[in-house]
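Undergrad: Quick one, target-v5.cif (mmCIF, C-alpha atoms and all ligand atoms):
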```cif
data_entry
#
loop_
_atom_site.label_atom_id
_atom_site.label_comp_id
_atom_site.auth_asym_id
_atom_site.auth_seq_id
_atom_site.Cartn_x
_atom_site.Cartn_y
_atom_site.Cartn_z
CA MET C 1 0.00 0.00 0.00
CA ARG C 2 2.92 2.31 0.78
CA ASN C 3 6.12 2.42 -1.27
CA VAL C 4 8.26 2.98 1.80
CA THR C 5 7.64 2.30 5.49
CA LEU C 6 8.87 4.30 8.44
CA GLU C 7 10.84 1.24 9.53
CA GLN C 8 12.72 1.17 6.21
CA ILE C 9 13.54 4.85 6.66
CA PHE C 10 14.64 4.20 10.25
CA GLU C 11 16.99 1.37 9.24
CA HIS C 12 18.79 3.38 6.55
CA PRO C 13 22.37 4.44 7.47
CA VAL C 14 21.64 8.06 6.43
CA THR C 15 18.79 8.20 8.94
CA GLN C 16 20.85 6.48 11.59
CA LYS C 17 23.50 9.16 11.21
CA TYR C 18 21.45 12.34 10.81
CA VAL C 19 18.20 11.68 12.69
CA LYS C 20 20.20 10.38 15.64
CA ARG C 21 22.41 13.46 15.57
CA ALA C 22 19.38 15.69 16.07
CA GLY C 23 17.75 13.35 18.61
CA LEU C 24 15.91 10.11 17.92
CA ALA C 25 13.52 10.52 20.86
CA HIS C 26 12.45 13.96 19.57
CA ALA C 27 11.97 12.61 16.03
CA ILE C 28 9.74 9.78 17.29
CA ALA C 29 7.71 11.96 19.66
CA THR C 30 7.15 14.49 16.86
CA SER C 31 5.99 11.68 14.54
CA TYR C 32 3.40 10.52 17.08
CA HIS C 33 2.08 14.08 17.49
CA ALA C 34 1.95 14.42 13.70
CA PHE C 35 0.03 11.16 13.36
CA ARG C 36 -2.60 12.31 15.84
CA LEU C 37 -2.92 15.73 14.18
CA ALA C 38 -3.13 14.16 10.71
CA GLU C 39 -5.94 11.87 11.84
CA LYS C 40 -7.81 14.81 13.33
CA ASN C 41 -7.45 16.93 10.19
CA GLY C 42 -7.98 14.32 7.49
CA VAL C 43 -4.40 14.58 6.23
CA ASN C 44 -2.49 11.58 4.85
CA PRO C 45 -0.81 10.19 8.01
CA ASP C 46 1.91 8.50 5.95
CA LEU C 47 3.23 11.87 4.77
CA ALA C 48 2.82 13.46 8.20
CA VAL C 49 4.77 10.83 10.13
CA LYS C 50 7.57 10.67 7.57
CA ALA C 51 8.01 14.45 7.46
CA ALA C 52 7.87 14.65 11.26
CA PHE C 53 10.38 11.83 11.71
CA LEU C 54 12.86 13.45 9.29
CA HIS C 55 12.18 17.12 10.09
CA ASP C 56 15.46 17.80 11.94
CA MET C 57 17.80 15.61 9.89
CA GLY C 58 19.53 18.71 8.53
CA HIS C 59 20.96 19.67 11.91
CA TYR C 60 24.57 20.53 12.22
CA THR C 61 26.31 20.88 15.57
CA TRP C 62 27.62 24.35 16.14
CA TYR C 63 30.61 24.38 18.45
CA ARG C 64 32.98 27.08 19.62
CA ASP C 65 35.99 26.02 21.72
CA GLY C 66 34.51 22.55 22.10
CA GLU C 67 31.17 23.79 23.46
CA TRP C 68 27.77 23.96 21.80
CA ASP C 69 27.22 27.59 20.83
CA PHE C 70 23.60 28.65 20.63
CA ASP C 71 24.41 32.10 19.16
CA LEU C 72 26.49 30.56 16.42
CA TYR C 73 23.62 28.20 15.67
CA LYS C 74 21.04 31.01 15.61
CA GLU C 75 23.21 33.04 13.28
CA ASN C 76 24.21 30.35 10.80
CA ASP C 77 21.70 27.53 11.00
CA ILE C 78 19.94 26.32 7.84
CA HIS C 79 18.89 22.88 9.15
CA ALA C 80 15.45 23.03 7.53
CA ILE C 81 16.97 23.54 4.07
CA LYS C 82 19.57 20.83 4.53
CA GLY C 83 16.99 18.51 6.08
CA ALA C 84 14.56 18.95 3.20
CA GLU C 85 17.29 18.06 0.73
CA ARG C 86 18.49 15.05 2.72
CA ALA C 87 14.97 13.77 3.30
CA HIS C 88 14.14 14.06 -0.38
CA LYS C 89 17.28 12.26 -1.52
CA LEU C 90 16.76 9.48 1.02
CA LEU C 91 13.10 8.96 0.13
CA ILE C 92 13.77 8.83 -3.61
CA ARG C 93 16.57 6.34 -3.02
CA LEU C 94 14.23 4.13 -1.04
CA GLY C 95 11.66 4.25 -3.85
CA GLU C 96 9.17 6.77 -2.52
CA ASP C 97 6.56 8.17 -4.92
CA PRO C 98 8.20 11.41 -6.19
CA ARG C 99 5.04 13.44 -5.49
CA HIS C 100 5.07 12.23 -1.90
CA ALA C 101 8.80 12.82 -1.59
CA LYS C 102 8.26 16.42 -2.68
CA GLU C 103 5.41 17.00 -0.21
CA ILE C 104 7.42 15.53 2.65
CA ALA C 105 10.52 17.55 1.73
CA LEU C 106 8.48 20.78 1.63
CA ALA C 107 6.99 20.05 5.05
CA VAL C 108 10.53 19.51 6.38
CA LEU C 109 11.66 22.76 4.76
CA LEU C 110 8.83 24.77 6.31
CA HIS C 111 8.68 23.18 9.79
CA THR C 112 10.37 26.27 11.21
CA ASP C 113 10.59 29.92 10.23
CA SER C 114 13.89 30.42 12.07
CA PHE C 115 15.86 30.73 8.81
CA LEU C 116 13.25 32.69 6.86
CA PRO C 117 12.94 36.46 6.43
CA VAL C 118 9.21 36.13 7.23
CA GLU C 119 7.19 34.54 10.03
CA HIS C 120 5.24 31.31 9.61
CA GLU C 121 1.97 33.24 9.86
CA GLN C 122 2.84 35.19 6.72
CA LEU C 123 3.14 32.01 4.68
CA ASN C 124 0.26 30.16 3.17
CA LEU C 125 1.18 26.80 4.71
CA SER C 126 -0.66 23.63 3.70
CA THR C 127 -2.37 21.61 6.45
CA LEU C 128 0.40 19.01 6.26
CA GLN C 129 3.05 21.71 6.71
CA GLN C 130 1.18 23.22 9.65
CA ILE C 131 0.82 19.80 11.27
CA VAL C 132 4.55 19.07 11.10
CA ALA C 133 5.42 22.53 12.49
CA LEU C 134 2.91 22.14 15.34
CA ALA C 135 3.99 18.56 16.11
CA ASP C 136 7.58 19.79 16.44
CA GLU C 137 6.51 22.63 18.74
CA LEU C 138 4.53 20.26 20.94
CA ASP C 139 7.69 18.30 21.72
CA GLU C 140 9.96 21.31 22.22
CA GLU C 141 11.70 21.90 25.53
CA PRO C 142 13.52 25.05 26.69
CA SER C 143 17.06 25.62 25.33
CA GLY C 144 16.75 22.80 22.83
CA GLN C 145 16.76 20.07 25.51
CA HIS C 146 14.44 17.95 23.36
CA HIS C 147 17.40 17.22 21.07
CA TYR C 148 19.21 15.46 23.92
CA ARG C 149 16.52 13.13 25.29
CA SER C 150 17.58 9.54 24.84
CA ILE C 151 15.76 6.39 23.81
CA SER C 152 17.11 2.85 23.45
CA GLU C 153 17.48 1.35 19.99
CA ALA C 154 15.01 -1.43 20.86
CA LYS C 155 12.36 0.93 22.18
CA ALA C 156 12.81 3.25 19.20
CA ARG C 157 12.33 0.40 16.72
CA LYS C 158 9.26 -0.84 18.60
CA LYS C 159 7.67 2.60 18.50
CA ILE C 160 8.46 2.99 14.79
CA VAL C 161 6.88 -0.39 13.93
CA GLU C 162 3.84 0.45 16.06
CA LEU C 163 3.41 3.75 14.23
CA ASP C 164 3.80 2.00 10.85
CA ASN C 165 0.98 -0.34 11.87
CA ARG C 166 -1.24 2.55 12.90
CA VAL C 167 -0.61 4.34 9.59
CA ASP C 168 -1.42 1.16 7.65
CA GLU C 169 -4.59 0.70 9.66
CA THR C 170 -5.77 4.25 8.92
CA LEU C 171 -4.99 3.92 5.21
CA ARG C 172 -6.80 0.57 5.08
CA GLU C 173 -9.87 2.10 6.74
CA LYS C 174 -9.82 4.95 4.22
CA ILE C 175 -9.77 2.54 1.27
CA HIS C 176 -12.52 0.48 2.89
CA HIS C 177 -14.71 3.59 3.24
CA GLN C 178 -13.99 4.63 -0.34
CA THR C 179 -14.93 1.23 -1.79
CA ASN C 180 -18.08 1.16 0.32
CA GLU C 181 -19.08 4.55 -1.02
CA VAL C 182 -18.80 3.45 -4.68
FE FE P 201 13.91 21.97 13.64
FE FE P 202 12.49 19.67 15.98
#
```
What is this file in structure tokens?
Ligand SMILES: [Fe+2]
Ligand SMILES: [Fe+2]
TA:
Amino acid sequence: MRNVTLEQIFEHPVTQKYVKRAGLAHAIATSYHAFRLAEKNGVNPDLAVKAAFLHDMGHYTWYRDGEWDFDLYKENDIHAIKGAERAHKLLIRLGEDPRHAKEIALAVLLHTDSFLPVEHEQLNLSTLQQIVALADELDEEPSGQHHYRSISEAKARKKIVELDNRVDETLREKIHHQTNEV
């Protein structure tokens, strides 16, 4: 039913490197928020969870004299741009539908307005894009602490598989409703 599962994305070395760098626990929590919001708003949950899971994969660690430097980050960060590009490349490699890959990449790009010359409110964001931005916000902690929460590999995989199952279930129900309506 889906070209690519969240578990396949999770297993990929590119994800292991970049999603883990930005915080696996945050990526998973954001995906769960996105799933719930997608269900509530009639948005494709497959796109929402994938964009939410990958939203911070463009993060780079800004250090000065061996210490994380928040000012340096604020000044130079373009993680949403880098993340959108990485997410797109990864999804296409895994065989994602190119239209879906584009939608997911755009939601990653627009999950924050921190790098933009305008505020989120000034943009005409799609519902999917708003969901990913809100899901991220819901998991945010002061001073970026959400990037440092830890989760074991086993628990992370279990949560990913569980979310995959929930997405499949929702998509199955949708198809069932559609065929019943015909
Ligand atoms: Fe972010
Ligand atoms: Fe985030």
Undergrad: Which residues are near ligand FE 202 (chain P) in this structure, taking near to mean any atom at most 8 Å from a ligand atom and counting all atoms listed in the file? Format them as a VMD selection string.
TA: chain C and resid 22 26 to 27 30 55 to 56 136 to 137 139 to 140 146 to 147
Undergrad: Which one of C:Leu106, C:Val132, C:Leu54, C:Val167 sits closest to Ala25 in chain C if you count all atoms listed in the file?
TA: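 Going through C:Leu106, C:Val132, C:Leu54, C:Val167 one by one, the smallest distance to Ala25 in chain C is for C:Leu54.
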Undergrad: Pick out the residues sitting within 12 Å of Lys174 in chain C, and hand them over as a ChimeraX atom specification; count all atoms listed in the file, and ignore anything fewer than 3 positions along from it in its own chain.
TA: /C:1,39,42-45,167-171,177-181
Undergrad: Generate a file of the selected residues that holds C-alpha atoms, formatted as a short mmCIF file (atom, residue, chain, number, x, y, z; two decimals), in the frame of the given file.
TA:
```cif
data_model
loop_
_atom_site.label_atom_id
_atom_site.label_comp_id
_atom_site.auth_asym_id
_atom_site.auth_seq_id
_atom_site.Cartn_x
_atom_site.Cartn_y
_atom_site.Cartn_z
CA MET C 1 0.00 0.00 0.00
CA GLU C 39 -5.94 11.87 11.84
CA GLY C 42 -7.98 14.32 7.49
CA VAL C 43 -4.40 14.58 6.23
CA ASN C 44 -2.49 11.58 4.85
CA PRO C 45 -0.81 10.19 8.01
CA VAL C 167 -0.61 4.34 9.59
CA ASP C 168 -1.42 1.16 7.65
CA GLU C 169 -4.59 0.70 9.66
CA THR C 170 -5.77 4.25 8.92
CA LEU C 171 -4.99 3.92 5.21
CA HIS C 177 -14.71 3.59 3.24
CA GLN C 178 -13.99 4.63 -0.34
CA THR C 179 -14.93 1.23 -1.79
CA ASN C 180 -18.08 1.16 0.32
CA GLU C 181 -19.08 4.55 -1.02
#
```
Undergrad: If we count only C-alpha atoms, what is near range 4-10 of chain C at a cut-off of 7 Å, once residues fewer than 6 positions away on the same chain are taken out, given as a VMD selection string?
TA: chain C and resid 16 50 94 to 96 160 to 161 164
Undergrad: Go through C:Gly144, C:Gly66, C:Pro98, C:Pro117 and flag the residue nearest ligand FE 201 (chain P), using all atoms listed in the file for the distances.
TA: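 Of C:Gly144, C:Gly66, C:Pro98, C:Pro117, the one nearest ligand FE 201 (chain P) is C:Gly144, counting all atoms listed in the file.
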Undergrad: I need range 31-177 of chain C from the structure I supplied, saved as a CSV table (one decimal), in the first residue's frame with C-alpha atoms retained.
TA:
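selection-v3.csv, freshly written:
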```csv
chain,number,residue,atom,x,y,z
C,31,SER,CA,6.0,11.7,14.5
C,32,TYR,CA,3.4,10.5,17.1
C,33,HIS,CA,2.1,14.1,17.5
C,34,ALA,CA,2.0,14.4,13.7
C,35,PHE,CA,0.0,11.2,13.4
C,36,ARG,CA,-2.6,12.3,15.8
C,37,LEU,CA,-2.9,15.7,14.2
C,38,ALA,CA,-3.1,14.2,10.7
C,39,GLU,CA,-5.9,11.9,11.8
C,40,LYS,CA,-7.8,14.8,13.3
C,41,ASN,CA,-7.5,16.9,10.2
C,42,GLY,CA,-8.0,14.3,7.5
C,43,VAL,CA,-4.4,14.6,6.2
C,44,ASN,CA,-2.5,11.6,4.9
C,45,PRO,CA,-0.8,10.2,8.0
C,46,ASP,CA,1.9,8.5,6.0
C,47,LEU,CA,3.2,11.9,4.8
C,48,ALA,CA,2.8,13.5,8.2
C,49,VAL,CA,4.8,10.8,10.1
C,50,LYS,CA,7.6,10.7,7.6
C,51,ALA,CA,8.0,14.4,7.5
C,52,ALA,CA,7.9,14.7,11.3
C,53,PHE,CA,10.4,11.8,11.7
C,54,LEU,CA,12.9,13.4,9.3
C,55,HIS,CA,12.2,17.1,10.1
C,56,ASP,CA,15.5,17.8,11.9
C,57,MET,CA,17.8,15.6,9.9
C,58,GLY,CA,19.5,18.7,8.5
C,59,HIS,CA,21.0,19.7,11.9
C,60,TYR,CA,24.6,20.5,12.2
C,61,THR,CA,26.3,20.9,15.6
C,62,TRP,CA,27.6,24.4,16.1
C,63,TYR,CA,30.6,24.4,18.4
C,64,ARG,CA,33.0,27.1,19.6
C,65,ASP,CA,36.0,26.0,21.7
C,66,GLY,CA,34.5,22.6,22.1
C,67,GLU,CA,31.2,23.8,23.5
C,68,TRP,CA,27.8,24.0,21.8
C,69,ASP,CA,27.2,27.6,20.8
C,70,PHE,CA,23.6,28.6,20.6
C,71,ASP,CA,24.4,32.1,19.2
C,72,LEU,CA,26.5,30.6,16.4
C,73,TYR,CA,23.6,28.2,15.7
C,74,LYS,CA,21.0,31.0,15.6
C,75,GLU,CA,23.2,33.0,13.3
C,76,ASN,CA,24.2,30.4,10.8
C,77,ASP,CA,21.7,27.5,11.0
C,78,ILE,CA,19.9,26.3,7.8
C,79,HIS,CA,18.9,22.9,9.1
C,80,ALA,CA,15.5,23.0,7.5
C,81,ILE,CA,17.0,23.5,4.1
C,82,LYS,CA,19.6,20.8,4.5
C,83,GLY,CA,17.0,18.5,6.1
C,84,ALA,CA,14.6,18.9,3.2
C,85,GLU,CA,17.3,18.1,0.7
C,86,ARG,CA,18.5,15.0,2.7
C,87,ALA,CA,15.0,13.8,3.3
C,88,HIS,CA,14.1,14.1,-0.4
C,89,LYS,CA,17.3,12.3,-1.5
C,90,LEU,CA,16.8,9.5,1.0
C,91,LEU,CA,13.1,9.0,0.1
C,92,ILE,CA,13.8,8.8,-3.6
C,93,ARG,CA,16.6,6.3,-3.0
C,94,LEU,CA,14.2,4.1,-1.0
C,95,GLY,CA,11.7,4.2,-3.8
C,96,GLU,CA,9.2,6.8,-2.5
C,97,ASP,CA,6.6,8.2,-4.9
C,98,PRO,CA,8.2,11.4,-6.2
C,99,ARG,CA,5.0,13.4,-5.5
C,100,HIS,CA,5.1,12.2,-1.9
C,101,ALA,CA,8.8,12.8,-1.6
C,102,LYS,CA,8.3,16.4,-2.7
C,103,GLU,CA,5.4,17.0,-0.2
C,104,ILE,CA,7.4,15.5,2.6
C,105,ALA,CA,10.5,17.6,1.7
C,106,LEU,CA,8.5,20.8,1.6
C,107,ALA,CA,7.0,20.0,5.0
C,108,VAL,CA,10.5,19.5,6.4
C,109,LEU,CA,11.7,22.8,4.8
C,110,LEU,CA,8.8,24.8,6.3
C,111,HIS,CA,8.7,23.2,9.8
C,112,THR,CA,10.4,26.3,11.2
C,113,ASP,CA,10.6,29.9,10.2
C,114,SER,CA,13.9,30.4,12.1
C,115,PHE,CA,15.9,30.7,8.8
C,116,LEU,CA,13.2,32.7,6.9
C,117,PRO,CA,12.9,36.5,6.4
C,118,VAL,CA,9.2,36.1,7.2
C,119,GLU,CA,7.2,34.5,10.0
C,120,HIS,CA,5.2,31.3,9.6
C,121,GLU,CA,2.0,33.2,9.9
C,122,GLN,CA,2.8,35.2,6.7
C,123,LEU,CA,3.1,32.0,4.7
C,124,ASN,CA,0.3,30.2,3.2
C,125,LEU,CA,1.2,26.8,4.7
C,126,SER,CA,-0.7,23.6,3.7
C,127,THR,CA,-2.4,21.6,6.4
C,128,LEU,CA,0.4,19.0,6.3
C,129,GLN,CA,3.1,21.7,6.7
C,130,GLN,CA,1.2,23.2,9.7
C,131,ILE,CA,0.8,19.8,11.3
C,132,VAL,CA,4.5,19.1,11.1
C,133,ALA,CA,5.4,22.5,12.5
C,134,LEU,CA,2.9,22.1,15.3
C,135,ALA,CA,4.0,18.6,16.1
C,136,ASP,CA,7.6,19.8,16.4
C,137,GLU,CA,6.5,22.6,18.7
C,138,LEU,CA,4.5,20.3,20.9
C,139,ASP,CA,7.7,18.3,21.7
C,140,GLU,CA,10.0,21.3,22.2
C,141,GLU,CA,11.7,21.9,25.5
C,142,PRO,CA,13.5,25.1,26.7
C,143,SER,CA,17.1,25.6,25.3
C,144,GLY,CA,16.7,22.8,22.8
C,145,GLN,CA,16.8,20.1,25.5
C,146,HIS,CA,14.4,18.0,23.4
C,147,HIS,CA,17.4,17.2,21.1
C,148,TYR,CA,19.2,15.5,23.9
C,149,ARG,CA,16.5,13.1,25.3
C,150,SER,CA,17.6,9.5,24.8
C,151,ILE,CA,15.8,6.4,23.8
C,152,SER,CA,17.1,2.9,23.4
C,153,GLU,CA,17.5,1.3,20.0
C,154,ALA,CA,15.0,-1.4,20.9
C,155,LYS,CA,12.4,0.9,22.2
C,156,ALA,CA,12.8,3.3,19.2
C,157,ARG,CA,12.3,0.4,16.7
C,158,LYS,CA,9.3,-0.8,18.6
C,159,LYS,CA,7.7,2.6,18.5
C,160,ILE,CA,8.5,3.0,14.8
C,161,VAL,CA,6.9,-0.4,13.9
C,162,GLU,CA,3.8,0.5,16.1
C,163,LEU,CA,3.4,3.8,14.2
C,164,ASP,CA,3.8,2.0,10.9
C,165,ASN,CA,1.0,-0.3,11.9
C,166,ARG,CA,-1.2,2.5,12.9
C,167,VAL,CA,-0.6,4.3,9.6
C,168,ASP,CA,-1.4,1.2,7.7
C,169,GLU,CA,-4.6,0.7,9.7
C,170,THR,CA,-5.8,4.2,8.9
C,171,LEU,CA,-5.0,3.9,5.2
C,172,ARG,CA,-6.8,0.6,5.1
C,173,GLU,CA,-9.9,2.1,6.7
C,174,LYS,CA,-9.8,4.9,4.2
C,175,ILE,CA,-9.8,2.5,1.3
C,176,HIS,CA,-12.5,0.5,2.9
C,177,HIS,CA,-14.7,3.6,3.2
```
